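Chemist: Structure file coords-v4.pdb (PDB, C-alpha atoms and all ligand atoms) is given on the next line.
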```pdb
ATOM      1  CA  MET A  27     -46.062 -38.912  -1.125  1.00  0.00           C
ATOM      2  CA  LYS A  28     -46.483 -35.335  -0.022  1.00  0.00           C
ATOM      3  CA  GLU A  29     -48.204 -32.876  -2.267  1.00  0.00           C
ATOM      4  CA  ILE A  30     -47.063 -29.323  -2.731  1.00  0.00           C
ATOM      5  CA  PHE A  31     -49.195 -26.514  -1.360  1.00  0.00           C
ATOM      6  CA  GLU A  32     -50.882 -28.675   1.238  1.00  0.00           C
ATOM      7  CA  TRP A  33     -52.021 -25.790   3.361  1.00  0.00           C
ATOM      8  CA  ASN A  34     -52.042 -27.466   6.746  1.00  0.00           C
ATOM      9  CA  ARG A  35     -48.511 -28.769   6.216  1.00  0.00           C
ATOM     10  CA  LEU A  36     -47.258 -25.520   4.687  1.00  0.00           C
ATOM     11  CA  LEU A  37     -48.692 -23.299   7.396  1.00  0.00           C
ATOM     12  CA  MET A  38     -48.586 -25.544  10.459  1.00  0.00           C
ATOM     13  CA  ASN A  39     -46.287 -28.489   9.627  1.00  0.00           C
ATOM     14  CA  ASP A  40     -49.352 -30.746   9.964  1.00  0.00           C
ATOM     15  CA  LEU A  41     -49.742 -29.789  13.625  1.00  0.00           C
ATOM     16  CA  PRO A  42     -52.990 -28.646  15.217  1.00  0.00           C
ATOM     17  CA  TYR A  43     -53.359 -24.915  15.779  1.00  0.00           C
ATOM     18  CA  SER A  44     -53.255 -25.579  19.522  1.00  0.00           C
ATOM     19  CA  PHE A  45     -49.507 -26.120  19.027  1.00  0.00           C
ATOM     20  CA  LEU A  46     -49.288 -22.322  18.959  1.00  0.00           C
ATOM     21  CA  LEU A  47     -49.993 -22.356  22.689  1.00  0.00           C
ATOM     22  CA  GLU A  48     -46.929 -24.525  23.115  1.00  0.00           C
ATOM     23  CA  VAL A  49     -44.954 -22.075  20.965  1.00  0.00           C
ATOM     24  CA  LEU A  50     -46.000 -19.324  23.352  1.00  0.00           C
ATOM     25  CA  PHE A  51     -44.752 -21.343  26.309  1.00  0.00           C
ATOM     26  CA  ARG A  52     -41.487 -22.198  24.522  1.00  0.00           C
ATOM     27  CA  CYS A  53     -40.881 -18.534  23.685  1.00  0.00           C
ATOM     28  CA  VAL A  54     -41.385 -17.385  27.258  1.00  0.00           C
ATOM     29  CA  VAL A  55     -39.024 -20.060  28.617  1.00  0.00           C
ATOM     30  CA  MET A  56     -36.240 -19.455  26.076  1.00  0.00           C
ATOM     31  CA  TYR A  57     -36.597 -15.685  26.407  1.00  0.00           C
ATOM     32  CA  LEU A  58     -36.080 -15.935  30.169  1.00  0.00           C
ATOM     33  CA  VAL A  59     -33.178 -18.382  29.775  1.00  0.00           C
ATOM     34  CA  ALA A  60     -31.474 -16.144  27.195  1.00  0.00           C
ATOM     35  CA  MET A  61     -31.860 -13.090  29.419  1.00  0.00           C
ATOM     36  CA  LEU A  62     -30.536 -14.940  32.425  1.00  0.00           C
ATOM     37  CA  VAL A  63     -27.514 -16.331  30.569  1.00  0.00           C
ATOM     38  CA  LEU A  64     -26.543 -13.001  29.013  1.00  0.00           C
ATOM     39  CA  LYS A  65     -26.900 -11.439  32.441  1.00  0.00           C
ATOM     40  CA  LEU A  66     -24.689 -14.121  34.018  1.00  0.00           C
ATOM     41  CA  ALA A  67     -22.184 -13.751  31.200  1.00  0.00           C
ATOM     42  CA  GLY A  68     -21.648 -10.223  32.403  1.00  0.00           C
ATOM     43  CA  ARG A  69     -22.185  -8.274  29.214  1.00  0.00           C
ATOM     44  CA  ARG A  70     -24.270  -5.178  29.096  1.00  0.00           C
ATOM     45  CA  GLY A  71     -24.278  -4.244  25.442  1.00  0.00           C
ATOM     46  CA  VAL A  72     -23.649  -5.754  22.061  1.00  0.00           C
ATOM     47  CA  LYS A  73     -21.973  -2.683  20.605  1.00  0.00           C
ATOM     48  CA  GLN A  74     -18.432  -3.898  21.090  1.00  0.00           C
ATOM     49  CA  LEU A  75     -18.562  -7.577  20.341  1.00  0.00           C
ATOM     50  CA  SER A  76     -15.247  -9.148  19.562  1.00  0.00           C
ATOM     51  CA  VAL A  77     -15.062 -12.054  17.158  1.00  0.00           C
ATOM     52  CA  PHE A  78     -15.227 -14.687  19.843  1.00  0.00           C
ATOM     53  CA  GLU A  79     -18.194 -13.075  21.507  1.00  0.00           C
ATOM     54  CA  LEU A  80     -19.926 -12.953  18.169  1.00  0.00           C
ATOM     55  CA  VAL A  81     -19.411 -16.709  17.853  1.00  0.00           C
ATOM     56  CA  ILE A  82     -21.069 -17.161  21.219  1.00  0.00           C
ATOM     57  CA  ILE A  83     -24.008 -14.963  20.320  1.00  0.00           C
ATOM     58  CA  LEU A  84     -24.516 -16.876  17.068  1.00  0.00           C
ATOM     59  CA  THR A  85     -24.396 -20.220  18.872  1.00  0.00           C
ATOM     60  CA  LEU A  86     -26.819 -19.040  21.493  1.00  0.00           C
ATOM     61  CA  GLY A  87     -29.022 -17.571  18.819  1.00  0.00           C
ATOM     62  CA  SER A  88     -29.408 -20.932  17.157  1.00  0.00           C
ATOM     63  CA  ALA A  89     -29.952 -22.759  20.456  1.00  0.00           C
ATOM     64  CA  ALA A  90     -32.542 -20.184  21.441  1.00  0.00           C
ATOM     65  CA  GLY A  91     -34.293 -20.048  18.105  1.00  0.00           C
ATOM     66  CA  ASP A  92     -34.870 -23.667  17.156  1.00  0.00           C
ATOM     67  CA  PRO A  93     -36.839 -24.828  20.215  1.00  0.00           C
ATOM     68  CA  LEU A  94     -39.196 -21.887  19.852  1.00  0.00           C
ATOM     69  CA  PHE A  95     -41.179 -23.568  17.095  1.00  0.00           C
ATOM     70  CA  TYR A  96     -39.649 -26.878  15.998  1.00  0.00           C
ATOM     71  CA  GLN A  97     -41.889 -29.340  17.802  1.00  0.00           C
ATOM     72  CA  ASP A  98     -39.226 -32.073  17.657  1.00  0.00           C
ATOM     73  CA  VAL A  99     -36.663 -29.901  19.473  1.00  0.00           C
ATOM     74  CA  GLY A 100     -37.034 -30.077  23.231  1.00  0.00           C
ATOM     75  CA  LEU A 101     -36.454 -27.258  25.677  1.00  0.00           C
ATOM     76  CA  ILE A 102     -34.066 -29.048  28.008  1.00  0.00           C
ATOM     77  CA  PRO A 103     -31.330 -29.816  25.438  1.00  0.00           C
ATOM     78  CA  ALA A 104     -31.478 -26.160  24.368  1.00  0.00           C
ATOM     79  CA  ILE A 105     -31.148 -24.999  27.954  1.00  0.00           C
ATOM     80  CA  CYS A 106     -28.196 -27.378  28.399  1.00  0.00           C
ATOM     81  CA  VAL A 107     -26.560 -25.755  25.373  1.00  0.00           C
ATOM     82  CA  PHE A 108     -26.990 -22.375  27.048  1.00  0.00           C
ATOM     83  CA  ILE A 109     -25.407 -23.543  30.259  1.00  0.00           C
ATOM     84  CA  ILE A 110     -22.463 -25.186  28.476  1.00  0.00           C
ATOM     85  CA  ILE A 111     -21.834 -22.092  26.344  1.00  0.00           C
ATOM     86  CA  LEU A 112     -22.033 -19.933  29.440  1.00  0.00           C
ATOM     87  CA  LEU A 113     -19.416 -22.077  31.191  1.00  0.00           C
ATOM     88  CA  LEU A 114     -17.167 -21.987  28.111  1.00  0.00           C
ATOM     89  CA  TYR A 115     -17.567 -18.214  27.937  1.00  0.00           C
ATOM     90  CA  ARG A 116     -16.670 -17.771  31.582  1.00  0.00           C
ATOM     91  CA  GLY A 117     -13.700 -20.120  31.112  1.00  0.00           C
ATOM     92  CA  THR A 118     -12.491 -18.133  28.117  1.00  0.00           C
ATOM     93  CA  THR A 119     -12.816 -14.756  29.824  1.00  0.00           C
ATOM     94  CA  PHE A 120     -10.901 -16.242  32.774  1.00  0.00           C
ATOM     95  CA  LEU A 121      -8.086 -17.320  30.433  1.00  0.00           C
ATOM     96  CA  ILE A 122      -8.117 -13.890  28.794  1.00  0.00           C
ATOM     97  CA  SER A 123      -7.726 -12.194  32.150  1.00  0.00           C
ATOM     98  CA  ARG A 124      -4.803 -14.488  32.948  1.00  0.00           C
ATOM     99  CA  SER A 125      -2.842 -14.366  29.688  1.00  0.00           C
ATOM    100  CA  LYS A 126      -2.031 -11.393  27.500  1.00  0.00           C
ATOM    101  CA  LYS A 127      -1.142 -13.793  24.666  1.00  0.00           C
ATOM    102  CA  ILE A 128      -4.547 -15.444  24.661  1.00  0.00           C
ATOM    103  CA  GLU A 129      -6.219 -12.064  24.910  1.00  0.00           C
ATOM    104  CA  THR A 130      -4.378 -10.763  21.862  1.00  0.00           C
ATOM    105  CA  TRP A 131      -5.103 -13.913  19.922  1.00  0.00           C
ATOM    106  CA  LEU A 132      -8.814 -13.854  20.664  1.00  0.00           C
ATOM    107  CA  GLU A 133      -9.585 -10.168  20.792  1.00  0.00           C
ATOM    108  CA  GLY A 134      -6.947  -8.906  18.381  1.00  0.00           C
ATOM    109  CA  LYS A 135      -4.957  -5.758  19.032  1.00  0.00           C
ATOM    110  CA  PRO A 136      -5.248  -2.173  17.875  1.00  0.00           C
ATOM    111  CA  ILE A 137      -3.738  -1.668  14.439  1.00  0.00           C
ATOM    112  CA  TYR A 138      -2.309   1.552  13.061  1.00  0.00           C
ATOM    113  CA  LEU A 139      -3.961   2.339   9.737  1.00  0.00           C
ATOM    114  CA  ILE A 140      -2.622   5.846   9.238  1.00  0.00           C
ATOM    115  CA  GLU A 141       0.545   7.393  10.650  1.00  0.00           C
ATOM    116  CA  ASP A 142       1.688  10.917   9.757  1.00  0.00           C
ATOM    117  CA  GLY A 143      -0.915  11.276   7.033  1.00  0.00           C
ATOM    118  CA  GLU A 144       0.077   8.097   5.179  1.00  0.00           C
ATOM    119  CA  PHE A 145      -1.166   4.528   5.269  1.00  0.00           C
ATOM    120  CA  SER A 146       0.860   2.285   7.560  1.00  0.00           C
ATOM    121  CA  ILE A 147       1.336  -0.229   4.772  1.00  0.00           C
ATOM    122  CA  ASP A 148       3.220  -2.775   6.904  1.00  0.00           C
ATOM    123  CA  ASN A 149       0.160  -3.210   9.072  1.00  0.00           C
ATOM    124  CA  PHE A 150      -2.325  -2.461   6.386  1.00  0.00           C
ATOM    125  CA  SER A 151      -1.444  -5.191   3.912  1.00  0.00           C
ATOM    126  CA  LYS A 152      -2.077  -7.821   6.569  1.00  0.00           C
ATOM    127  CA  GLU A 153      -5.504  -6.470   7.271  1.00  0.00           C
ATOM    128  CA  ALA A 154      -8.528  -7.390   5.229  1.00  0.00           C
ATOM    129  CA  LEU A 155     -10.073  -3.987   5.806  1.00  0.00           C
ATOM    130  CA  ALA A 156     -11.610  -2.818   2.560  1.00  0.00           C
ATOM    131  CA  GLN A 157     -10.288   0.524   1.394  1.00  0.00           C
ATOM    132  CA  ASP A 158     -13.721   1.739   0.298  1.00  0.00           C
ATOM    133  CA  GLU A 159     -15.121   1.051   3.716  1.00  0.00           C
ATOM    134  CA  PHE A 160     -12.229   2.782   5.415  1.00  0.00           C
ATOM    135  CA  PHE A 161     -12.545   5.860   3.194  1.00  0.00           C
ATOM    136  CA  THR A 162     -16.240   5.963   4.035  1.00  0.00           C
ATOM    137  CA  GLU A 163     -15.384   6.009   7.742  1.00  0.00           C
ATOM    138  CA  LEU A 164     -12.956   8.863   7.170  1.00  0.00           C
ATOM    139  CA  ARG A 165     -15.415  10.871   5.090  1.00  0.00           C
ATOM    140  CA  LEU A 166     -18.047  10.460   7.786  1.00  0.00           C
ATOM    141  CA  LYS A 167     -15.588  12.328  10.013  1.00  0.00           C
ATOM    142  CA  ASN A 168     -15.370  15.190   7.463  1.00  0.00           C
ATOM    143  CA  ILE A 169     -11.906  14.152   6.290  1.00  0.00           C
ATOM    144  CA  THR A 170     -11.197  15.060   2.678  1.00  0.00           C
ATOM    145  CA  HIS A 171      -7.551  13.960   2.451  1.00  0.00           C
ATOM    146  CA  LEU A 172      -5.069  11.956   4.507  1.00  0.00           C
ATOM    147  CA  GLY A 173      -2.903  15.001   5.237  1.00  0.00           C
ATOM    148  CA  GLN A 174      -5.490  16.014   7.830  1.00  0.00           C
ATOM    149  CA  VAL A 175      -4.957  12.814   9.791  1.00  0.00           C
ATOM    150  CA  ASP A 176      -2.100  12.312  12.241  1.00  0.00           C
ATOM    151  CA  LEU A 177      -3.145   8.820  13.345  1.00  0.00           C
ATOM    152  CA  ALA A 178      -5.949   6.377  12.608  1.00  0.00           C
ATOM    153  CA  ILE A 179      -6.178   3.194  14.651  1.00  0.00           C
ATOM    154  CA  LEU A 180      -8.418   0.190  14.062  1.00  0.00           C
ATOM    155  CA  GLU A 181      -9.537  -0.759  17.548  1.00  0.00           C
ATOM    156  CA  THR A 182     -10.306  -4.328  18.591  1.00  0.00           C
ATOM    157  CA  ASN A 183     -14.019  -3.569  18.706  1.00  0.00           C
ATOM    158  CA  GLY A 184     -13.951  -2.705  14.995  1.00  0.00           C
ATOM    159  CA  GLN A 185     -14.242   1.035  15.459  1.00  0.00           C
ATOM    160  CA  ILE A 186     -11.645   3.423  14.087  1.00  0.00           C
ATOM    161  CA  SER A 187     -10.184   6.137  16.283  1.00  0.00           C
ATOM    162  CA  ILE A 188      -8.812   9.154  14.479  1.00  0.00           C
ATOM    163  CA  PHE A 189      -6.425  11.844  15.687  1.00  0.00           C
ATOM    164  CA  PHE A 190      -6.275  14.991  13.621  1.00  0.00           C
ATOM    165  CA  TYR A 191      -3.553  17.474  12.845  1.00  0.00           C
ATOM    166  CA  ASP A 192      -4.488  20.922  14.012  1.00  0.00           C
ATOM    167  CA  GLU A 193      -5.120  23.440  11.288  1.00  0.00           C
ATOM    168  CA  LYS A 194      -1.606  24.812  10.926  1.00  0.00           C
ATOM    169  CA  ASN A 195       0.034  21.363  10.737  1.00  0.00           C
ATOM    170  CA  ILE A 196      -2.113  19.945   7.957  1.00  0.00           C
ATOM    171  CA  LYS A 197       0.104  18.414   5.267  1.00  0.00           C
ATOM    172  CA  MET A 198      -0.333  17.585   1.620  1.00  0.00           C
ATOM    173  CA  GLY A 199      -2.314  14.365   1.429  1.00  0.00           C
ATOM    174  CA  LEU A 200      -4.117  11.772  -0.672  1.00  0.00           C
ATOM    175  CA  PRO A 201      -7.631  13.026  -1.478  1.00  0.00           C
ATOM    176  CA  ILE A 202     -10.332  10.545  -0.527  1.00  0.00           C
ATOM    177  CA  LEU A 203     -13.419  12.159  -1.993  1.00  0.00           C
ATOM    178  CA  PRO A 204     -14.397   9.885  -4.893  1.00  0.00           C
ATOM    179  CA  HIS A 205     -14.222  12.494  -7.662  1.00  0.00           C
ATOM    180  CA  ALA A 206     -10.665  13.474  -6.663  1.00  0.00           C
ATOM    181  CA  PHE A 207      -9.382  10.000  -5.762  1.00  0.00           C
ATOM    182  CA  ASN A 208     -10.526   8.541  -9.077  1.00  0.00           C
ATOM    183  CA  LYS A 209      -8.739  11.208 -11.123  1.00  0.00           C
ATOM    184  CA  THR A 210      -5.525   9.225 -11.627  1.00  0.00           C
ATOM    185  CA  SER A 211      -2.750  11.436 -12.989  1.00  0.00           C
ATOM    186  CA  ASN A 212      -1.393  10.505 -16.404  1.00  0.00           C
ATOM    187  CA  SER A 213       1.356  13.098 -16.383  1.00  0.00           C
ATOM    188  CA  PHE A 214       3.422  14.860 -13.741  1.00  0.00           C
ATOM    189  CA  LYS A 215       4.329  18.515 -13.777  1.00  0.00           C
ATOM    190  CA  ASN A 216       7.652  19.688 -12.367  1.00  0.00           C
ATOM    191  CA  GLY A 217       7.211  21.172  -8.876  1.00  0.00           C
ATOM    192  CA  PHE A 218       3.708  19.787  -8.234  1.00  0.00           C
ATOM    193  CA  GLN A 219       2.963  17.323  -5.443  1.00  0.00           C
ATOM    194  CA  TYR A 220       1.346  13.953  -6.040  1.00  0.00           C
ATOM    195  CA  ALA A 221      -0.073  11.353  -3.672  1.00  0.00           C
ATOM    196  CA  CYS A 222       0.432   7.607  -4.141  1.00  0.00           C
ATOM    197  CA  LYS A 223      -3.009   5.984  -4.375  1.00  0.00           C
ATOM    198  CA  PHE A 224      -1.820   2.843  -2.632  1.00  0.00           C
ATOM    199  CA  CYS A 225       0.129   4.122   0.366  1.00  0.00           C
ATOM    200  CA  GLY A 226      -0.626   7.852   0.543  1.00  0.00           C
ATOM    201  CA  ASN A 227       3.038   8.799   0.145  1.00  0.00           C
ATOM    202  CA  ILE A 228       3.511  12.367  -1.131  1.00  0.00           C
ATOM    203  CA  GLN A 229       6.159  13.086  -3.728  1.00  0.00           C
ATOM    204  CA  GLU A 230       7.008  16.189  -5.690  1.00  0.00           C
ATOM    205  CA  ALA A 231       7.650  15.783  -9.383  1.00  0.00           C
ATOM    206  CA  THR A 232      11.170  16.962 -10.199  1.00  0.00           C
ATOM    207  CA  ASN A 233      10.606  17.127 -13.927  1.00  0.00           C
ATOM    208  CA  ASP A 234       7.755  16.849 -16.404  1.00  0.00           C
ATOM    209  CA  THR A 235       7.148  13.158 -16.913  1.00  0.00           C
ATOM    210  CA  THR A 236       4.436  10.600 -17.554  1.00  0.00           C
ATOM    211  CA  GLU A 237       5.588   7.811 -15.261  1.00  0.00           C
ATOM    212  CA  HIS A 238       6.706   7.715 -11.667  1.00  0.00           C
ATOM    213  CA  VAL A 239       7.178   4.850  -9.211  1.00  0.00           C
ATOM    214  CA  CYS A 240       6.437   5.356  -5.497  1.00  0.00           C
ATOM    215  CA  ASP A 241       9.666   5.174  -3.496  1.00  0.00           C
ATOM    216  CA  ARG A 242       7.737   3.817  -0.525  1.00  0.00           C
ATOM    217  CA  CYS A 243       5.519   1.045  -1.906  1.00  0.00           C
ATOM    218  CA  GLY A 244       6.695   0.590  -5.498  1.00  0.00           C
ATOM    219  CA  LYS A 245       3.278   1.217  -7.063  1.00  0.00           C
ATOM    220  CA  ASP A 246       2.774   3.774  -9.838  1.00  0.00           C
ATOM    221  CA  LYS A 247      -0.759   5.186  -9.564  1.00  0.00           C
ATOM    222  CA  TRP A 248      -0.920   8.800  -8.417  1.00  0.00           C
ATOM    223  CA  VAL A 249      -3.378  11.641  -7.952  1.00  0.00           C
ATOM    224  CA  SER A 250      -2.785  15.322  -7.327  1.00  0.00           C
ATOM    225  CA  ALA A 251      -2.223  15.892  -3.599  1.00  0.00           C
ATOM    226  CA  ILE A 252      -4.240  18.525  -1.734  1.00  0.00           C
ATOM    227  CA  ASN A 253      -3.786  20.277   1.610  1.00  0.00           C
ATOM    228  CA  GLU A 254      -7.117  21.952   2.281  1.00  0.00           C
ATOM    229  CA  LYS A 255      -8.345  22.436   5.829  1.00  0.00           C
ATOM    230  CA  ARG A 256     -10.851  20.142   7.438  1.00  0.00           C
ATOM    231  CA  ILE A 257     -14.162  21.927   7.787  1.00  0.00           C
ATOM    232  CA  THR A 258     -16.587  20.530  10.302  1.00  0.00           C
TER     233      THR A 258
HETATM  234 ZN    ZN A 301       3.127   4.337  -2.463  1.00  0.00          ZN
END
```
Here is the file; what I need is its structure written in the form of structure tokens.

Modeler:
Amino acid sequence: MKEIFEWNRLLMNDLPYSFLLEVLFRCVVMYLVAMLVLKLAGRRGVKQLSVFELVIILTLGSAAGDPLFYQDVGLIPAICVFIIILLLYRGTTFLISRSKKIETWLEGKPIYLIEDGEFSIDNFSKEALAQDEFFTELRLKNITHLGQVDLAILETNGQISIFFYDEKNIKMGLPILPHAFNKTSNSFKNGFQYACKFCGNIQEATNDTTEHVCDRCGKDKWVSAINEKRIT
């Protein structure tokens, strides 16, 4: 029976310290193999990994990591894994280049998040993009309300491209700064404009009231709309 806190087992898995020399050798080999495979795979950066490339990187990561220091994991099986993954990757990219359908399925397609200063709810509801995260992205671009944004598109690499209205075309919009967004209106004043918190739709109150349903999405949470300029 093994005892806890056996130092040689805990620190070295009961192996002699000379095993560290083998670790050094394993690291050098797997480092070179990983470099070679990524080079052959034809990718330069990791900035724009699509989902399927991420899967490949994770698989390779495990195949590269284990043989570095697990003495019962050999180098050759790990290198075989690399070669097989490389072949699968090349096969997949070949299929992608041949078929638009497969490309869309694997890489996804750009999705409109905002059109004309409002959320594109048809696309949006299908997407698992968290609203908080999206608002953060917009705020990082100095956007204070949706009326400043003509188009926002979620690209297949996960980045969001944003096209702005120029100054004179800025519309009333849903405020996205936390203090304004969280100030849900409890009453509506005749003649004032309100923004639907769910879809960004702007509606003017036609009488003093306490309840109003969005004619675009059917939700009933509103905040006062704003139309200030975007200052960068
Ligand atoms: Zn709405």

Chemist: Name the residues, by chain letter and number, that sit within 9 Å of ligand ZN 301 (chain A) using only C-alpha atoms and all ligand atoms, and give them as number ranges by chain.

Modeler: A: 145, 147, 221-228, 239-248

Chemist: Work out how far apart CA of Glu79 (chain A) and CA of Ser146 (chain A) are and give it in Å to one decimal.

Modeler: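 Spanning CA of Glu79 (chain A) to CA of Ser146 (chain A) is a straight-line distance of 28.2 Å.
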
Chemist: So which residues get picked by the PyMOL selection byres (((chain A and resi 211) around 12) and not hetatm) here, written as a list in words?

Modeler: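 When the PyMOL selection byres (((chain A and resi 211) around 12) and not hetatm) is applied to the shown file, the picked residues are Ala206, Phe207, Asn208, Lys209, Thr210, Asn212, Ser213, Phe214, Lys215, Phe218, Gln219, Tyr220, Ala221, Cys222, Lys223, Ala231, Thr235, Thr236, Glu237, His238, Asp246, Lys247, Trp248, Val249, Ser250 and Ala251 of chain A.
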
Chemist: Go ahead and dump the residues you just picked, C-alpha atoms, as a short mmCIF file (atom, residue, chain, number, x, y, z; two decimals), in the frame of the given file.

Modeler:
```
data_model
loop_
_atom_site.label_atom_id
_atom_site.label_comp_id
_atom_site.auth_asym_id
_atom_site.auth_seq_id
_atom_site.Cartn_x
_atom_site.Cartn_y
_atom_site.Cartn_z
CA ALA A 206 -10.66 13.47 -6.66
CA PHE A 207 -9.38 10.00 -5.76
CA ASN A 208 -10.53 8.54 -9.08
CA LYS A 209 -8.74 11.21 -11.12
CA THR A 210 -5.52 9.22 -11.63
CA ASN A 212 -1.39 10.50 -16.40
CA SER A 213 1.36 13.10 -16.38
CA PHE A 214 3.42 14.86 -13.74
CA LYS A 215 4.33 18.52 -13.78
CA PHE A 218 3.71 19.79 -8.23
CA GLN A 219 2.96 17.32 -5.44
CA TYR A 220 1.35 13.95 -6.04
CA ALA A 221 -0.07 11.35 -3.67
CA CYS A 222 0.43 7.61 -4.14
CA LYS A 223 -3.01 5.98 -4.38
CA ALA A 231 7.65 15.78 -9.38
CA THR A 235 7.15 13.16 -16.91
CA THR A 236 4.44 10.60 -17.55
CA GLU A 237 5.59 7.81 -15.26
CA HIS A 238 6.71 7.72 -11.67
CA ASP A 246 2.77 3.77 -9.84
CA LYS A 247 -0.76 5.19 -9.56
CA TRP A 248 -0.92 8.80 -8.42
CA VAL A 249 -3.38 11.64 -7.95
CA SER A 250 -2.78 15.32 -7.33
CA ALA A 251 -2.22 15.89 -3.60
#
```

Chemist: Got a sec to resolve the PyMOL selection byres (((chain A and resi 171-176) around 7) and not hetatm) on this structure and send the residues as a list in words?

Modeler: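 This file gives the following for the PyMOL selection byres (((chain A and resi 171-176) around 7) and not hetatm): Glu141, Asp142, Gly143, Glu144, Ile169, Thr170, Leu177, Phe189, Phe190, Tyr191, Ile196, Lys197, Met198, Gly199, Leu200, Pro201, Ile202, Asn253 and Arg256 of chain A.
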
Chemist: Would you list the contacts of region 43-49 of chain A as a count of residues only, taking every protein, DNA or RNA residue within 9 Å and counting only C-alpha atoms, but skipping same-chain residues closer than 4 positions in sequence?

Modeler: 8

Chemist: Report the distance between CA of Ser187 (chain A) and CA of Leu64 (chain A) in Å, rounded to one decimal place.

Modeler: 28.2 Å

Chemist: Rounded to one decimal, what separation in Å do you get between CA of Leu80 (chain A) and CA of Glu133 (chain A)?

Modeler: 11.0 Å

Chemist: Evaluating the PyMOL selection byres (((chain A and resi 181-186) around 12) and not hetatm) on the displayed file yields which residues, as an MDAnalysis selection string?

Modeler: chainID A and resid 72:80 129:140 155 159:164 166:167 177:180 187:189

Chemist: Selection from above, C-alpha atoms, as a PDB file, in the frame of the given file, can you write it?

Modeler:
```pdb
ATOM      1  CA  VAL A  72     -23.649  -5.754  22.061  1.00  0.00           C
ATOM      2  CA  LYS A  73     -21.973  -2.683  20.605  1.00  0.00           C
ATOM      3  CA  GLN A  74     -18.432  -3.898  21.090  1.00  0.00           C
ATOM      4  CA  LEU A  75     -18.562  -7.577  20.341  1.00  0.00           C
ATOM      5  CA  SER A  76     -15.247  -9.148  19.562  1.00  0.00           C
ATOM      6  CA  VAL A  77     -15.062 -12.054  17.158  1.00  0.00           C
ATOM      7  CA  PHE A  78     -15.227 -14.687  19.843  1.00  0.00           C
ATOM      8  CA  GLU A  79     -18.194 -13.075  21.507  1.00  0.00           C
ATOM      9  CA  LEU A  80     -19.926 -12.953  18.169  1.00  0.00           C
ATOM     10  CA  GLU A 129      -6.219 -12.064  24.910  1.00  0.00           C
ATOM     11  CA  THR A 130      -4.378 -10.763  21.862  1.00  0.00           C
ATOM     12  CA  TRP A 131      -5.103 -13.913  19.922  1.00  0.00           C
ATOM     13  CA  LEU A 132      -8.814 -13.854  20.664  1.00  0.00           C
ATOM     14  CA  GLU A 133      -9.585 -10.168  20.792  1.00  0.00           C
ATOM     15  CA  GLY A 134      -6.947  -8.906  18.381  1.00  0.00           C
ATOM     16  CA  LYS A 135      -4.957  -5.758  19.032  1.00  0.00           C
ATOM     17  CA  PRO A 136      -5.248  -2.173  17.875  1.00  0.00           C
ATOM     18  CA  ILE A 137      -3.738  -1.668  14.439  1.00  0.00           C
ATOM     19  CA  TYR A 138      -2.309   1.552  13.061  1.00  0.00           C
ATOM     20  CA  LEU A 139      -3.961   2.339   9.737  1.00  0.00           C
ATOM     21  CA  ILE A 140      -2.622   5.846   9.238  1.00  0.00           C
ATOM     22  CA  LEU A 155     -10.073  -3.987   5.806  1.00  0.00           C
ATOM     23  CA  GLU A 159     -15.121   1.051   3.716  1.00  0.00           C
ATOM     24  CA  PHE A 160     -12.229   2.782   5.415  1.00  0.00           C
ATOM     25  CA  PHE A 161     -12.545   5.860   3.194  1.00  0.00           C
ATOM     26  CA  THR A 162     -16.240   5.963   4.035  1.00  0.00           C
ATOM     27  CA  GLU A 163     -15.384   6.009   7.742  1.00  0.00           C
ATOM     28  CA  LEU A 164     -12.956   8.863   7.170  1.00  0.00           C
ATOM     29  CA  LEU A 166     -18.047  10.460   7.786  1.00  0.00           C
ATOM     30  CA  LYS A 167     -15.588  12.328  10.013  1.00  0.00           C
ATOM     31  CA  LEU A 177      -3.145   8.820  13.345  1.00  0.00           C
ATOM     32  CA  ALA A 178      -5.949   6.377  12.608  1.00  0.00           C
ATOM     33  CA  ILE A 179      -6.178   3.194  14.651  1.00  0.00           C
ATOM     34  CA  LEU A 180      -8.418   0.190  14.062  1.00  0.00           C
ATOM     35  CA  SER A 187     -10.184   6.137  16.283  1.00  0.00           C
ATOM     36  CA  ILE A 188      -8.812   9.154  14.479  1.00  0.00           C
ATOM     37  CA  PHE A 189      -6.425  11.844  15.687  1.00  0.00           C
TER      38      PHE A 189
END
```

Chemist: Missing atoms in region 106-112 of chain A: can you complete it with N, CA and C atoms, as a PDB file, in the coordinates of the input?

Modeler:
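And here's out25.pdb as it stands now:
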```
ATOM      1  N   CYS A 106     -29.530 -26.826  28.147  1.00  0.00           N
ATOM      2  CA  CYS A 106     -28.196 -27.378  28.399  1.00  0.00           C
ATOM      3  C   CYS A 106     -27.148 -26.679  27.539  1.00  0.00           C
ATOM      4  N   VAL A 107     -27.489 -26.453  26.259  1.00  0.00           N
ATOM      5  CA  VAL A 107     -26.560 -25.755  25.373  1.00  0.00           C
ATOM      6  C   VAL A 107     -26.210 -24.393  25.965  1.00  0.00           C
ATOM      7  N   PHE A 108     -27.226 -23.691  26.456  1.00  0.00           N
ATOM      8  CA  PHE A 108     -26.990 -22.375  27.048  1.00  0.00           C
ATOM      9  C   PHE A 108     -26.019 -22.458  28.216  1.00  0.00           C
ATOM     10  N   ILE A 109     -26.252 -23.438  29.069  1.00  0.00           N
ATOM     11  CA  ILE A 109     -25.407 -23.543  30.259  1.00  0.00           C
ATOM     12  C   ILE A 109     -23.969 -23.873  29.868  1.00  0.00           C
ATOM     13  N   ILE A 110     -23.821 -24.802  28.902  1.00  0.00           N
ATOM     14  CA  ILE A 110     -22.463 -25.186  28.476  1.00  0.00           C
ATOM     15  C   ILE A 110     -21.736 -23.990  27.860  1.00  0.00           C
ATOM     16  N   ILE A 111     -22.462 -23.264  26.979  1.00  0.00           N
ATOM     17  CA  ILE A 111     -21.834 -22.092  26.344  1.00  0.00           C
ATOM     18  C   ILE A 111     -21.450 -21.059  27.403  1.00  0.00           C
ATOM     19  N   LEU A 112     -22.322 -20.890  28.370  1.00  0.00           N
ATOM     20  CA  LEU A 112     -22.033 -19.933  29.440  1.00  0.00           C
ATOM     21  C   LEU A 112     -20.746 -20.315  30.172  1.00  0.00           C
TER      22      LEU A 112
END
```
